[in-house]
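J.: Structure incoming, see below.
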Amino acid sequence: MKKAIISVSDKTNLLDFAKGLTENGFEIISTGGTQKYLNENGIETISIEEVTDFPEILDGRVKTLHPKVHGGILAKRDNDDHLATLKELNIDLIDLVCVNLYPFKKTVTDESKTNSEIIEQIDIGGPSMLRSAAKNYQDVTVVTDQSDYEVVLDQIKKDGHTSLELRQRLAAKVFQKTAAYDALISSYFNSQINQPAPQNLTLTYNLIDEMRYGENSQQKAWFYEDVVPKKFSICQAKQLHGKKLSFNNIKDADAALRIIREFDGPTAVGLKHMNPCGIGKGETIEEAWDQAYLGDPVSIFGGIVALNRPVDVKTAEKLHKLFLEIIIAPSYDDDAYEILAKKKNLRLLTVDFERKDEPVRNETVSVMGGLLVQEQDFLADDVKDWKVVTKKQPTPEQLKTMEFAWKAVKFVKSNAILVANPQRTLGVGAGQPNRIDAVKIAIEHAQKYIDDECVLASDAFFPMNDSVEYAAKHGIKLIVQPGGSIRDQDSIDMADKYGIAMVMTGRRHFRH
């Protein structure tokens with residue numbers, strides 16, 4: 001009679017699967033809680049102790065790590081020496097292994113769990129049996145995903161066994177699962193010893209979706225999520241309406257969330273091609289949107305909008321008038337949703353803004369043949385640490401505008417220049433090969449709104465004083481920049497010449 005080992009922590013759909021196996025000639029060997037569960041539900045099992053002739057020991061830490069288990073799994077059926085060894089040692093063949101692992105991820109993400117409780121959820125016997133069965137997929141069926149129960153049973157019912165093709169696919173899934181499991185454990189240990197840069201980096205993600213295409217139609221693409229999900233992320237966003245998100249939509253939405261996360265008061269962000277085209281704030285979300293829209297009413301066409309307050313009717317009516325790809329908000333009032341949902345393709349997403357400050361994994365960027373890893377640029381800049389380097393001193397209110405502009409320019413592609421007033425961004429110069437061109441672009445967009453309260457923010461230092469001179473000649477009276485150039489004094493002197501108040505933050509915010 002064929003034998004199957006079943007030992008699972010997650011018992012979803014298990015009864016039908018186990019019953020199907022017994023109805024098709026399998027004896028079931030089981031362990032601990034799984035055996036109790038099956039027996040209580042009328043499915044006869046053989047205990048692992050009966051197979052090994054050895055009791056579970058060390059509070060269940062050792063129960064399946066035994067030659068009579070792994071010998072029965074790993075023996076090659078077409079190898080006479082293997083079969084003779086099993087006969088001599090009275091070891092039965094095991095034809096199917098059904099195992100899912102201790103819930104380490106659930107435990108490690110539970111803040112109430114102690115280190116000792118987390119360690120106990122590191123599965124040893126389960127991965128060992130899975131790896132043995134997967135290695136011997138030529139002869140053994142290995143099941144670690146409940147979604148595979150049905151196809152395995154269907155083939156057994158039809159043919160009396162599973163196909164080699166299916167067994168190989170299931171084996172590949174096992175090694176994916178165990179690799180991800182080990183990566184999560186490794187990440188936990190690295191965090192415990194404060195090891196930010198391990199010698200070998202193994203990242204693990206879960207597939208969310210296969211995209212229609214990538215950045216361009218000729219590129220295939222897939223969407224993966226961190227194995228430990230982050231609530232404030234595009235991965236966990238809930239789509240209420242509209243067509244499926246594209247590869248570029250997801251990148252833009254992520255960029256918008258990174259920006260909106262920086263602001264606490266009612267704020268609206270308009271974004272296009274991963275650069276903000278308008279950031280506005282107000283007493284209400286409607287006022288914030290009005291300001292963001294004024295920031296660049298041309299570029300927002302076909303862009304996306306992120307709002308950090310629920311969308312009300314008045315705001316929805318204004319958004320409805322525009323062609324937008326995506327709107328992201330904490331929620332939508334019922335009437336506001338009805339208005340926006342009239343556009344069948346407009347994607348309406350909600351995100352948990354209460355979790356915007358949760359820790360996130362380091363960010364990664366692929367390069368040919370490798371990977372760059374860095375911490376995310378979360379460091380909050382404290383105005384108290386800034387240095388006024390000019391004769392002209394900014395007022396407290398002007399410093400607040402500088403702070404707003406500094407937060408905003410942080411998310412503009414370098415070289416980045418941004419002009420803002422106390423309520424909104426006025427002009428953005430993004431991604432230019434030289435800084436003076438970025439200055440010209442930002443000022444051109446902002447020109448008709450520039451007054452004495454406008455701030456020009458630069459994500460990195462001015463290499464020469466030409467940017468300061470150009471800004472001064474176009475009405476800029478306030479500049480915030482990190483400083484750090486060997487020619488800083490030239491820029492300071494130019495600012496003094498034109499009566500500009502310049503502040504240096506001491507920290508740049510490149511975004512490549």
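FYI, nothing fancy with the structure tokens labels: chains A, B, ... in order, residues from 1 per chain, ligands from 1 as they appear.
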Produce a table with one row for each residue of region 170-281 of chain A that has an atom at most 10 Å from any atom of region 327-339 of chain A, each row naming the nearest atom pair and its distance in Å at one decimal; use only C-alpha atoms; arrange rows by chain and rising residue number; format as a tab-separated table.
T.:
```
residue	atom	partner	partner_atom	distance
A:Ile234	CA	A:Ile328	CA	9.4
A:Ala237	CA	A:Ile328	CA	8.6
A:Lys238	CA	A:Ile328	CA	9.5
A:Gln239	CA	A:Ile328	CA	9.2
A:Leu240	CA	A:Tyr337	CA	9.1
A:His241	CA	A:Tyr337	CA	9.1
A:Ala253	CA	A:Ile328	CA	7.9
A:Ala256	CA	A:Ile328	CA	8.6
A:Leu257	CA	A:Ile328	CA	8.4
A:Ala268	CA	A:Ala329	CA	9.5
A:Val269	CA	A:Ile328	CA	9.7
A:Gly270	CA	A:Ile327	CA	9.5
```
J.: Would you please extract all alpha helix (DSSP H) residues from region 371-464 of chain A, as assigned by DSSP on the backbone, and give them as a list of chain:residue names?
T.: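 For region 371-464 of chain A, the alpha helix (DSSP H) set is A:Pro396, A:Glu397, A:Gln398, A:Leu399, A:Lys400, A:Thr401, A:Met402, A:Glu403, A:Phe404, A:Ala405, A:Trp406, A:Lys407, A:Ala408, A:Val409, A:Arg435, A:Ile436, A:Asp437, A:Ala438, A:Val439, A:Lys440, A:Ile441, A:Ala442, A:Ile443, A:Glu444, A:His445, A:Ala446.
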J.: Might you pull out every residue within 8 Å of Asn249 (chain A), with only C-alpha atoms counted and same-chain residues fewer than 3 positions away left off, and present them as a list in words?
T.: Leu245, Ser246, Asp252, Ala253, Glu325 and Ile326 of chain A
J.: Could you go through region 289-458 of chain A and tell me which residues DSSP, when run on the backbone, assigns to strand (DSSP E or B), listing them as a ChimeraX atom specification?
T.: /A:304-307,311,326-329,332,347-350,363-367,370-374,387-388,417-420,424-429,455-458
J.: Need the shell around region 474-484 of chain A: protein/DNA/RNA residues with any atom at most 9 Å away, counting only C-alpha atoms. Skip same-chain ones fewer than 4 positions apart. Format as a ChimeraX atom specification?
T.: /A:386,394,398,402-403,405-406,419,443,447,450-462,468-470,488,495,498-509
J.: Convert the current residue selection to file output with N, CA, C and O atoms, as a short mmCIF file (atom, residue, chain, number, x, y, z; two decimals), in the first residue's frame.
T.:
```
data_model
loop_
_atom_site.label_atom_id
_atom_site.label_comp_id
_atom_site.auth_asym_id
_atom_site.auth_seq_id
_atom_site.Cartn_x
_atom_site.Cartn_y
_atom_site.Cartn_z
N TRP A 386 19.53 73.97 10.78
CA TRP A 386 19.90 74.69 9.58
C TRP A 386 20.74 75.93 9.94
O TRP A 386 20.64 76.48 11.04
N PRO A 394 15.96 85.02 7.28
CA PRO A 394 14.56 84.70 7.02
C PRO A 394 13.73 84.86 8.28
O PRO A 394 14.21 84.65 9.40
N GLN A 398 8.92 82.54 6.92
CA GLN A 398 9.69 82.18 5.73
C GLN A 398 10.42 80.86 5.94
O GLN A 398 10.56 80.06 5.00
N MET A 402 10.38 77.51 3.69
CA MET A 402 11.60 76.79 3.31
C MET A 402 11.49 75.31 3.66
O MET A 402 11.90 74.43 2.89
N GLU A 403 10.94 75.02 4.82
CA GLU A 403 10.78 73.62 5.25
C GLU A 403 9.85 72.87 4.30
O GLU A 403 10.12 71.72 3.91
N ALA A 405 9.25 73.62 1.11
CA ALA A 405 9.94 73.46 -0.17
C ALA A 405 11.02 72.39 -0.08
O ALA A 405 11.24 71.62 -1.03
N TRP A 406 11.70 72.32 1.06
CA TRP A 406 12.76 71.34 1.24
C TRP A 406 12.21 69.91 1.26
O TRP A 406 12.79 68.99 0.68
N VAL A 419 10.50 75.65 -6.76
CA VAL A 419 10.08 76.95 -6.25
C VAL A 419 8.71 76.78 -5.60
O VAL A 419 7.82 76.13 -6.17
N ILE A 443 11.94 78.21 -12.52
CA ILE A 443 11.56 79.62 -12.47
C ILE A 443 10.62 79.97 -13.62
O ILE A 443 9.69 80.77 -13.45
N GLN A 447 7.27 81.80 -12.69
CA GLN A 447 7.56 83.21 -12.88
C GLN A 447 6.43 84.16 -12.49
O GLN A 447 6.62 85.11 -11.74
N ILE A 450 5.97 84.56 -8.59
CA ILE A 450 7.09 84.83 -7.68
C ILE A 450 6.92 86.17 -6.97
O ILE A 450 6.65 87.19 -7.59
N ASP A 451 7.05 86.11 -5.64
CA ASP A 451 7.04 87.33 -4.83
C ASP A 451 8.07 87.15 -3.71
O ASP A 451 8.85 86.19 -3.71
N ASP A 452 8.07 88.06 -2.75
CA ASP A 452 9.09 88.04 -1.70
C ASP A 452 8.98 86.85 -0.76
O ASP A 452 9.90 86.59 0.02
N GLU A 453 7.86 86.11 -0.80
CA GLU A 453 7.67 84.97 0.11
C GLU A 453 8.00 83.63 -0.56
O GLU A 453 7.86 82.58 0.05
N CYS A 454 8.43 83.68 -1.83
CA CYS A 454 8.72 82.44 -2.54
C CYS A 454 10.11 81.93 -2.21
O CYS A 454 11.06 82.71 -2.06
N VAL A 455 10.22 80.62 -2.15
CA VAL A 455 11.48 79.94 -1.81
C VAL A 455 11.93 79.12 -3.00
O VAL A 455 11.13 78.42 -3.63
N LEU A 456 13.23 79.19 -3.28
CA LEU A 456 13.83 78.28 -4.25
C LEU A 456 14.62 77.24 -3.46
O LEU A 456 15.49 77.59 -2.65
N ALA A 457 14.31 75.97 -3.68
CA ALA A 457 14.99 74.87 -2.99
C ALA A 457 15.80 74.06 -3.99
O ALA A 457 15.33 73.77 -5.09
N SER A 458 17.00 73.70 -3.59
CA SER A 458 17.88 72.89 -4.42
C SER A 458 18.24 71.62 -3.66
O SER A 458 18.63 71.68 -2.49
N ASP A 459 18.13 70.46 -4.32
CA ASP A 459 18.38 69.20 -3.61
C ASP A 459 19.85 68.99 -3.27
O ASP A 459 20.18 68.20 -2.39
N ALA A 460 20.75 69.69 -3.97
CA ALA A 460 22.18 69.58 -3.69
C ALA A 460 22.81 70.97 -3.84
O ALA A 460 22.15 71.92 -4.25
N PHE A 461 24.07 71.07 -3.50
CA PHE A 461 24.71 72.39 -3.49
C PHE A 461 24.81 73.00 -4.89
O PHE A 461 24.72 72.30 -5.90
N PHE A 462 25.00 74.30 -4.93
CA PHE A 462 25.26 75.00 -6.18
C PHE A 462 26.76 74.94 -6.47
O PHE A 462 27.57 75.43 -5.68
N VAL A 468 22.32 81.10 -8.33
CA VAL A 468 21.86 82.12 -7.39
C VAL A 468 21.62 83.44 -8.11
O VAL A 468 20.61 84.12 -7.88
N GLU A 469 22.51 83.80 -9.02
CA GLU A 469 22.36 85.06 -9.75
C GLU A 469 21.12 85.03 -10.63
O GLU A 469 20.34 86.00 -10.68
N TYR A 470 20.89 83.91 -11.32
CA TYR A 470 19.72 83.80 -12.18
C TYR A 470 18.44 83.90 -11.35
O TYR A 470 17.49 84.59 -11.72
N ASP A 488 30.99 77.41 -2.10
CA ASP A 488 29.84 77.91 -1.34
C ASP A 488 29.92 79.42 -1.11
O ASP A 488 28.91 80.12 -1.21
N ALA A 495 24.31 85.88 -3.11
CA ALA A 495 23.05 86.07 -2.38
C ALA A 495 23.07 87.40 -1.62
O ALA A 495 22.08 88.15 -1.63
N TYR A 498 22.40 90.48 -3.77
CA TYR A 498 21.02 90.73 -4.18
C TYR A 498 20.04 90.73 -3.00
O TYR A 498 18.83 90.77 -3.20
N GLY A 499 20.55 90.67 -1.79
CA GLY A 499 19.67 90.72 -0.63
C GLY A 499 18.84 89.47 -0.43
O GLY A 499 17.71 89.53 0.08
N ILE A 500 19.38 88.32 -0.80
CA ILE A 500 18.69 87.04 -0.64
C ILE A 500 19.03 86.45 0.73
O ILE A 500 20.19 86.51 1.17
N ALA A 501 18.04 85.87 1.37
CA ALA A 501 18.26 85.09 2.59
C ALA A 501 18.50 83.64 2.18
O ALA A 501 17.62 83.02 1.57
N MET A 502 19.68 83.11 2.49
CA MET A 502 20.02 81.74 2.10
C MET A 502 20.28 80.90 3.35
O MET A 502 21.00 81.31 4.25
N VAL A 503 19.67 79.72 3.35
CA VAL A 503 19.85 78.78 4.45
C VAL A 503 20.50 77.51 3.91
O VAL A 503 20.13 77.02 2.84
N MET A 504 21.46 76.97 4.65
CA MET A 504 22.08 75.70 4.30
C MET A 504 21.66 74.64 5.31
O MET A 504 21.78 74.85 6.52
N THR A 505 21.18 73.52 4.80
CA THR A 505 20.65 72.47 5.67
C THR A 505 21.72 71.50 6.13
O THR A 505 21.54 70.77 7.11
N GLY A 506 22.84 71.43 5.40
CA GLY A 506 23.90 70.49 5.76
C GLY A 506 23.67 69.07 5.30
O GLY A 506 24.45 68.17 5.60
N ARG A 507 22.57 68.85 4.54
CA ARG A 507 22.27 67.49 4.07
C ARG A 507 21.60 67.55 2.70
O ARG A 507 20.64 68.26 2.51
N ARG A 508 22.14 66.82 1.75
CA ARG A 508 21.55 66.81 0.41
C ARG A 508 20.49 65.72 0.30
O ARG A 508 20.45 64.78 1.11
N HIS A 509 19.70 65.80 -0.77
CA HIS A 509 18.66 64.78 -1.03
C HIS A 509 18.65 64.42 -2.51
O HIS A 509 17.64 64.59 -3.20
#
```
J.: Could you make a table, as a Markdown table, of the residues of region 107-194 of chain A that have an atom within 12 Å of an atom of region 23-37 of chain A, each with its nearest atom pair and distance in Å to one decimal, counting only C-alpha atoms, in chain and number order?
T.:
```
| residue | atom | partner | partner_atom | distance |
| --- | --- | --- | --- | --- |
| A:Gly125 | CA | A:Thr31 | CA | 11.0 |
| A:Gly126 | CA | A:Thr31 | CA | 11.0 |
| A:Val152 | CA | A:Asn24 | CA | 11.7 |
| A:Leu153 | CA | A:Asn24 | CA | 8.8 |
| A:Asp154 | CA | A:Asn24 | CA | 10.6 |
| A:Gln155 | CA | A:Asn24 | CA | 10.8 |
| A:Ile156 | CA | A:Asn24 | CA | 7.3 |
| A:Lys157 | CA | A:Asn24 | CA | 6.6 |
| A:Lys158 | CA | A:Asn24 | CA | 10.0 |
| A:Asp159 | CA | A:Asn24 | CA | 10.4 |
| A:Gly160 | CA | A:Asn24 | CA | 7.5 |
| A:His161 | CA | A:Asn24 | CA | 9.6 |
```
J.: With all heavy atoms retained, export the selected residues as a short mmCIF file (atom, residue, chain, number, x, y, z; two decimals), in the first residue's frame.
T.:
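The resulting file, again_25.cif, is shown below:
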```cif
data_model
loop_
_atom_site.label_atom_id
_atom_site.label_comp_id
_atom_site.auth_asym_id
_atom_site.auth_seq_id
_atom_site.Cartn_x
_atom_site.Cartn_y
_atom_site.Cartn_z
N GLY A 125 12.16 19.90 11.04
CA GLY A 125 11.74 18.66 10.41
C GLY A 125 10.95 18.87 9.13
O GLY A 125 11.11 18.13 8.15
N GLY A 126 10.09 19.90 9.12
CA GLY A 126 9.27 20.16 7.94
C GLY A 126 10.10 20.47 6.70
O GLY A 126 9.96 19.79 5.67
N VAL A 152 -3.42 17.42 -7.47
CA VAL A 152 -2.76 16.16 -7.09
C VAL A 152 -3.80 15.05 -6.96
O VAL A 152 -3.61 13.94 -7.50
CB VAL A 152 -1.99 16.35 -5.76
CG1 VAL A 152 -1.54 14.99 -5.19
CG2 VAL A 152 -0.77 17.25 -5.97
N LEU A 153 -4.88 15.33 -6.26
CA LEU A 153 -5.93 14.32 -6.11
C LEU A 153 -6.54 13.92 -7.45
O LEU A 153 -6.79 12.74 -7.71
CB LEU A 153 -7.03 14.83 -5.19
CG LEU A 153 -6.84 14.61 -3.69
CD1 LEU A 153 -8.07 15.10 -2.94
CD2 LEU A 153 -6.57 13.14 -3.37
N ASP A 154 -6.76 14.89 -8.31
CA ASP A 154 -7.37 14.60 -9.61
C ASP A 154 -6.51 13.63 -10.41
O ASP A 154 -7.02 12.68 -11.03
CB ASP A 154 -7.56 15.89 -10.41
CG ASP A 154 -8.73 16.73 -9.90
OD1 ASP A 154 -9.53 16.20 -9.10
OD2 ASP A 154 -8.83 17.91 -10.30
N GLN A 155 -5.19 13.85 -10.40
CA GLN A 155 -4.31 12.95 -11.15
C GLN A 155 -4.26 11.56 -10.52
O GLN A 155 -4.23 10.54 -11.23
CB GLN A 155 -2.90 13.55 -11.26
CG GLN A 155 -2.80 14.71 -12.23
CD GLN A 155 -1.38 15.02 -12.64
OE1 GLN A 155 -0.43 14.32 -12.28
NE2 GLN A 155 -1.22 16.08 -13.43
N ILE A 156 -4.23 11.51 -9.19
CA ILE A 156 -4.20 10.21 -8.52
C ILE A 156 -5.48 9.44 -8.80
O ILE A 156 -5.45 8.22 -9.07
CB ILE A 156 -3.97 10.40 -7.01
CG1 ILE A 156 -2.54 10.88 -6.75
CG2 ILE A 156 -4.24 9.09 -6.25
CD1 ILE A 156 -2.27 11.27 -5.30
N LYS A 157 -6.62 10.13 -8.75
CA LYS A 157 -7.90 9.46 -9.03
C LYS A 157 -7.95 8.95 -10.46
O LYS A 157 -8.46 7.87 -10.74
CB LYS A 157 -9.05 10.43 -8.78
CG LYS A 157 -9.30 10.76 -7.32
CD LYS A 157 -10.39 11.81 -7.18
CE LYS A 157 -10.61 12.18 -5.72
NZ LYS A 157 -11.63 13.27 -5.56
N LYS A 158 -7.40 9.73 -11.38
CA LYS A 158 -7.48 9.39 -12.80
C LYS A 158 -6.48 8.32 -13.19
O LYS A 158 -6.82 7.35 -13.89
CB LYS A 158 -7.25 10.64 -13.64
CG LYS A 158 -7.31 10.40 -15.14
CD LYS A 158 -7.04 11.69 -15.91
CE LYS A 158 -7.01 11.43 -17.41
NZ LYS A 158 -6.68 12.66 -18.17
N ASP A 159 -5.21 8.47 -12.75
CA ASP A 159 -4.14 7.60 -13.24
C ASP A 159 -3.52 6.71 -12.17
O ASP A 159 -2.68 5.87 -12.49
CB ASP A 159 -3.02 8.47 -13.85
CG ASP A 159 -3.52 9.35 -14.98
OD1 ASP A 159 -4.34 8.87 -15.78
OD2 ASP A 159 -3.09 10.53 -15.05
N GLY A 160 -3.90 6.92 -10.91
CA GLY A 160 -3.31 6.14 -9.83
C GLY A 160 -2.01 6.73 -9.32
O GLY A 160 -1.44 6.24 -8.35
N HIS A 161 -1.52 7.78 -9.99
CA HIS A 161 -0.28 8.42 -9.58
C HIS A 161 -0.24 9.83 -10.20
O HIS A 161 -1.04 10.17 -11.07
CB HIS A 161 0.94 7.61 -10.05
CG HIS A 161 0.95 7.38 -11.54
ND1 HIS A 161 1.38 8.33 -12.45
CD2 HIS A 161 0.55 6.31 -12.28
CE1 HIS A 161 1.26 7.86 -13.67
NE2 HIS A 161 0.74 6.62 -13.61
#
```
J.: Given only C-alpha atoms as the basis, pick out the residue of A:Asp139, A:Asp382, A:Glu287, A:Asp254 nearest to Leu164 (chain A).
T.: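 With only C-alpha atoms as the atom set, the closest residue is A:Asp139.
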J.: Residues at most 8 Å from region 94-109 of chain A, counting only C-alpha atoms, excluding those fewer than 2 positions away in the same chain, as number ranges by chain?
T.: A: 2-10, 69, 72-73, 92, 111, 113, 117-118, 121-123, 126-127, 129-130, 133, 139-145, 181, 184-185, 188, 228
J.: Given the choices A:Ile279, A:Leu166, A:Ala197, A:Ala420, which gets closest to Val373 (chain A) if the distance is worked out from only C-alpha atoms?
T.: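 Distance minimum relative to Val373 (chain A) lands on A:Ala197.
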J.: Rank nothing, just name the residue among A:Asn465, A:Asn362, A:Ile250, A:Ser491 nearest to Gln374 (chain A), using only C-alpha atoms.
T.: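 Smallest distance to Gln374 (chain A) is found for A:Asn362.
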